[in-house]
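A.B. asks: Dropping the structure in here first, questions after.
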Amino acid sequence: MINKDKKEISRRSFLKLFGAGTVATAATLAGCKQSNKAEQQAADEYKNQVEPPVGKMTYRENPKTKEKVSILGYGMMRLPTKVDNSDEYDQEMINKQVDYAIEHGLNYFDTSPVYCQGKSEHCTGIALHRHPRDKYFVATKLSNFNHDYWKKEKAIEMYHNSMKELQVDYIDYYLLHSVGGNYDEFIGRYVENGMLDYLMKEREAGRIRNLGFSFHGKQEVFDQVLALQEKYQWDFVQIELNYLDWDYANEINDRNVDASYLYAELHKRGIPAVIMEPLLGGRLANLPQYLVAELKSHAPEKSVASWAFRYAGTPEGVLTVLSGMTYMEHLKDNLLSYCPLTPLTEEEQRYLDTEIAQKIVGLENIPCNDCKYCMPCPYGIDIPAIFIHYNKCKNEGSLPVGTGDPEYRKHRRQYLIGLDRIVPPERQPDHCIGCHQCEPHCPQNIRITRELHKISDFIEQLKRNPDRPGQTT
């Protein structure tokens, strides 16, 4: 049961904290396929796109450097691949999209040594190096998830390799990647080995312009790391913020922290927030059709994703909102929305909180954002694809469960055939042995092994029962 008093207090806090910032609309990210109707609707929207205006980008000021940062940031996590070889990234298209983004005022590019199978920094560096250095800010991370890279010399090697791949002699925004699992891990990765002291000296030397961290995890760890502000002087912090996570992150998964808390703690300290997952890996763009219809009835001219982007961009303490833009259509849609921004009204914010977010919570989906941090699985299981297919069918109302499902046979066939089309049999959940190697890397703190085993049992029931419903997972 939702605590309405708590939600009303949080809503008022949201409006107080958000100030007079302005915001944006945006395109869908790569994610699960929609129904044919939704796919056609999205195709029509892109087909009717107009060219975004040049010179209309909205900027936020970095309080430390006074530099103007575009409210739209380019997340280089999901880069376009070649049509004839999905394992090879399309550098020509990456260059074209980066050129287009810079031409339209976007100047913040976020990458990491681990993105795109370790190739994102290299591709990003090639694209950006073709432009004057003062035309862009580049953000990357110390992604020392492998325990071997806790060693100072290995961590320093990763840091310098980032500069080499990005073809720069300084990094504008450098992050300690994915802090939040537990405080002892934070101390081991960055403090006891002297790495944070090293990075602070690099900041003093100007080779790092802004030093911060990205957060996924427990509130107590966030509080402990933020309490080190006097010593380390965090210049910015990257957090997950969207209209679902604002009040419901902890309700959906008790391992996560509500964005309202994270933002408030940063705002009262004057620390700028960089926003990730404004669309939750596309989940807030790929909504069930009845929710799409609701949003369209309120604003037919706006994309479904635009509501989430406006929500994420409104707070005055937000420096930039990251969007992974795989295709030129995504980029253009986002630029149309952010050039310039349109403020989120109190009425719109209340509508998202009380009408849309609560209904999404009721869907009880697996909160997978398709970030692929859990991959590769040592046993070859395609974890994100399995979760995405399950969520897609559940959102469309075609999950073959429940004794009252009059179309059980049809839904059963669609689920099993659809799964086989996107996930080869040898990569399906029945191959999970419960090693749990994936779980520490999940930013959403999903109990991946448990969910895979539940879906595996569900699939087995479907295979055994062609004529009558099985049990829900």
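In the structure tokens, the first chain shown is A, the next is B, and so on; residue numbers restart at 1 for each chain, and ligands run from 1 in the order shown.
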Excluding Leu176 of chain A and any residue of its chain fewer than 3 positions from it, enumerate the residues within 6 Å of it, using only C-alpha atoms, and give them as a PyMOL selection string.
C.D. replies: chain A and resi 141-142+213
A.B. asks: Please dump the current selection as a PDB file, in the first residue's frame; keep all heavy atoms.
C.D. replies:
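New file again.pdb:
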ATOM      1  N   LYS A 141      35.378   7.551 -16.439  1.00  0.00           N
ATOM      2  CA  LYS A 141      35.304   6.980 -15.098  1.00  0.00           C
ATOM      3  C   LYS A 141      36.467   6.047 -14.777  1.00  0.00           C
ATOM      4  O   LYS A 141      37.037   5.436 -15.679  1.00  0.00           O
ATOM      5  CB  LYS A 141      33.982   6.214 -14.955  1.00  0.00           C
ATOM      6  CG  LYS A 141      32.761   7.042 -15.347  1.00  0.00           C
ATOM      7  CD  LYS A 141      31.521   6.200 -15.487  1.00  0.00           C
ATOM      8  CE  LYS A 141      30.349   7.051 -15.932  1.00  0.00           C
ATOM      9  NZ  LYS A 141      30.448   7.431 -17.361  1.00  0.00           N
ATOM     10  N   LEU A 142      36.754   5.956 -13.490  1.00  0.00           N
ATOM     11  CA  LEU A 142      37.666   4.925 -12.992  1.00  0.00           C
ATOM     12  C   LEU A 142      36.810   3.696 -12.724  1.00  0.00           C
ATOM     13  O   LEU A 142      36.249   3.519 -11.653  1.00  0.00           O
ATOM     14  CB  LEU A 142      38.378   5.394 -11.721  1.00  0.00           C
ATOM     15  CG  LEU A 142      39.387   4.416 -11.116  1.00  0.00           C
ATOM     16  CD1 LEU A 142      40.446   3.995 -12.137  1.00  0.00           C
ATOM     17  CD2 LEU A 142      40.063   5.012  -9.890  1.00  0.00           C
ATOM     18  N   PHE A 213      31.702  11.258  -8.302  1.00  0.00           N
ATOM     19  CA  PHE A 213      31.440   9.816  -8.322  1.00  0.00           C
ATOM     20  C   PHE A 213      30.024   9.572  -8.824  1.00  0.00           C
ATOM     21  O   PHE A 213      29.148  10.442  -8.747  1.00  0.00           O
ATOM     22  CB  PHE A 213      31.640   9.184  -6.938  1.00  0.00           C
ATOM     23  CG  PHE A 213      30.714   9.674  -5.854  1.00  0.00           C
ATOM     24  CD1 PHE A 213      29.497   9.041  -5.603  1.00  0.00           C
ATOM     25  CD2 PHE A 213      31.055  10.765  -5.058  1.00  0.00           C
ATOM     26  CE1 PHE A 213      28.654   9.472  -4.601  1.00  0.00           C
ATOM     27  CE2 PHE A 213      30.210  11.218  -4.044  1.00  0.00           C
ATOM     28  CZ  PHE A 213      29.006  10.574  -3.814  1.00  0.00           C
TER      29      PHE A 213
END
A.B. asks: If you run DSSP over the backbone, which residues in segment 202-409 of chain A end up strand (DSSP E)? Put them as a ChimeraX atom specification.
C.D. replies: /A:208-215,236-240,273-276,318-324
A.B. asks: Please provide as a list in words all residues within 7 Å of segment 454-459 of chain A, with the sequence filter that same-chain residues fewer than 2 positions apart are discarded (counting only C-alpha atoms).
C.D. replies: Pro429, Asp430, Arg450, Glu451, Leu452, Gln461, Leu462, Lys463 and Thr473 of chain A
A.B. asks: Give me, please, the distance in Å between atom CA of Ile156 of chain A and atom CA of Ser214 of chain A, quoted to one decimal.
C.D. replies: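 If I compute the distance from atom CA of Ile156 of chain A to atom CA of Ser214 of chain A, I get 18.7 Å.
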A.B. asks: Just give me the gap between atom CA of Tyr59 of chain A and atom CA of Ile71 of chain A in Å, one decimal is fine.
C.D. replies: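 If I compute the distance from atom CA of Tyr59 of chain A to atom CA of Ile71 of chain A, I get 5.3 Å.
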A.B. asks: Pick the closest to Phe215 of chain A from A:Cys116, A:Ala101, A:Cys368, A:Cys442: which is it, counting only C-alpha atoms?
C.D. replies: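 So, comparing all the options, the nearest one is A:Cys442.
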A.B. asks: Need to verify the contact set: Gln444 of chain A, 9 Å, only C-alpha atoms, exclusion of same-chain residues closer than 5 positions in sequence. Can you return it as a list in words?
C.D. replies: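 What passes the distance filter is His216, Gly217, Asn253, Arg255, Asn256, Pro367, Cys368 and Asn369 of chain A.
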A.B. asks: Write out the residues from the selection above, keeping C-alpha atoms, as an mmCIF file, in the first residue's frame.
C.D. replies:
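The result, stored in out_36.cif:
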data_model
loop_
_atom_site.group_PDB
_atom_site.id
_atom_site.type_symbol
_atom_site.label_atom_id
_atom_site.label_comp_id
_atom_site.auth_asym_id
_atom_site.auth_seq_id
_atom_site.Cartn_x
_atom_site.Cartn_y
_atom_site.Cartn_z
ATOM 1 C CA HIS A 216 24.173 3.075 -7.279
ATOM 2 C CA GLY A 217 23.432 1.387 -4.015
ATOM 3 C CA ASN A 253 13.650 -2.543 -4.672
ATOM 4 C CA ARG A 255 18.237 -2.036 -1.961
ATOM 5 C CA ASN A 256 17.808 1.279 -3.827
ATOM 6 C CA PRO A 367 13.630 -3.278 -12.988
ATOM 7 C CA CYS A 368 16.189 -4.076 -15.704
ATOM 8 C CA ASN A 369 17.571 -1.061 -17.595
#
A.B. asks: Could you tell me how far atom CA of Val168 of chain A sits from atom CA of Glu204 of chain A, in Å to one decimal place?
C.D. replies: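 Taking atom CA of Glu204 of chain A as the start and atom CA of Val168 of chain A as the end point, the length is 17.2 Å.
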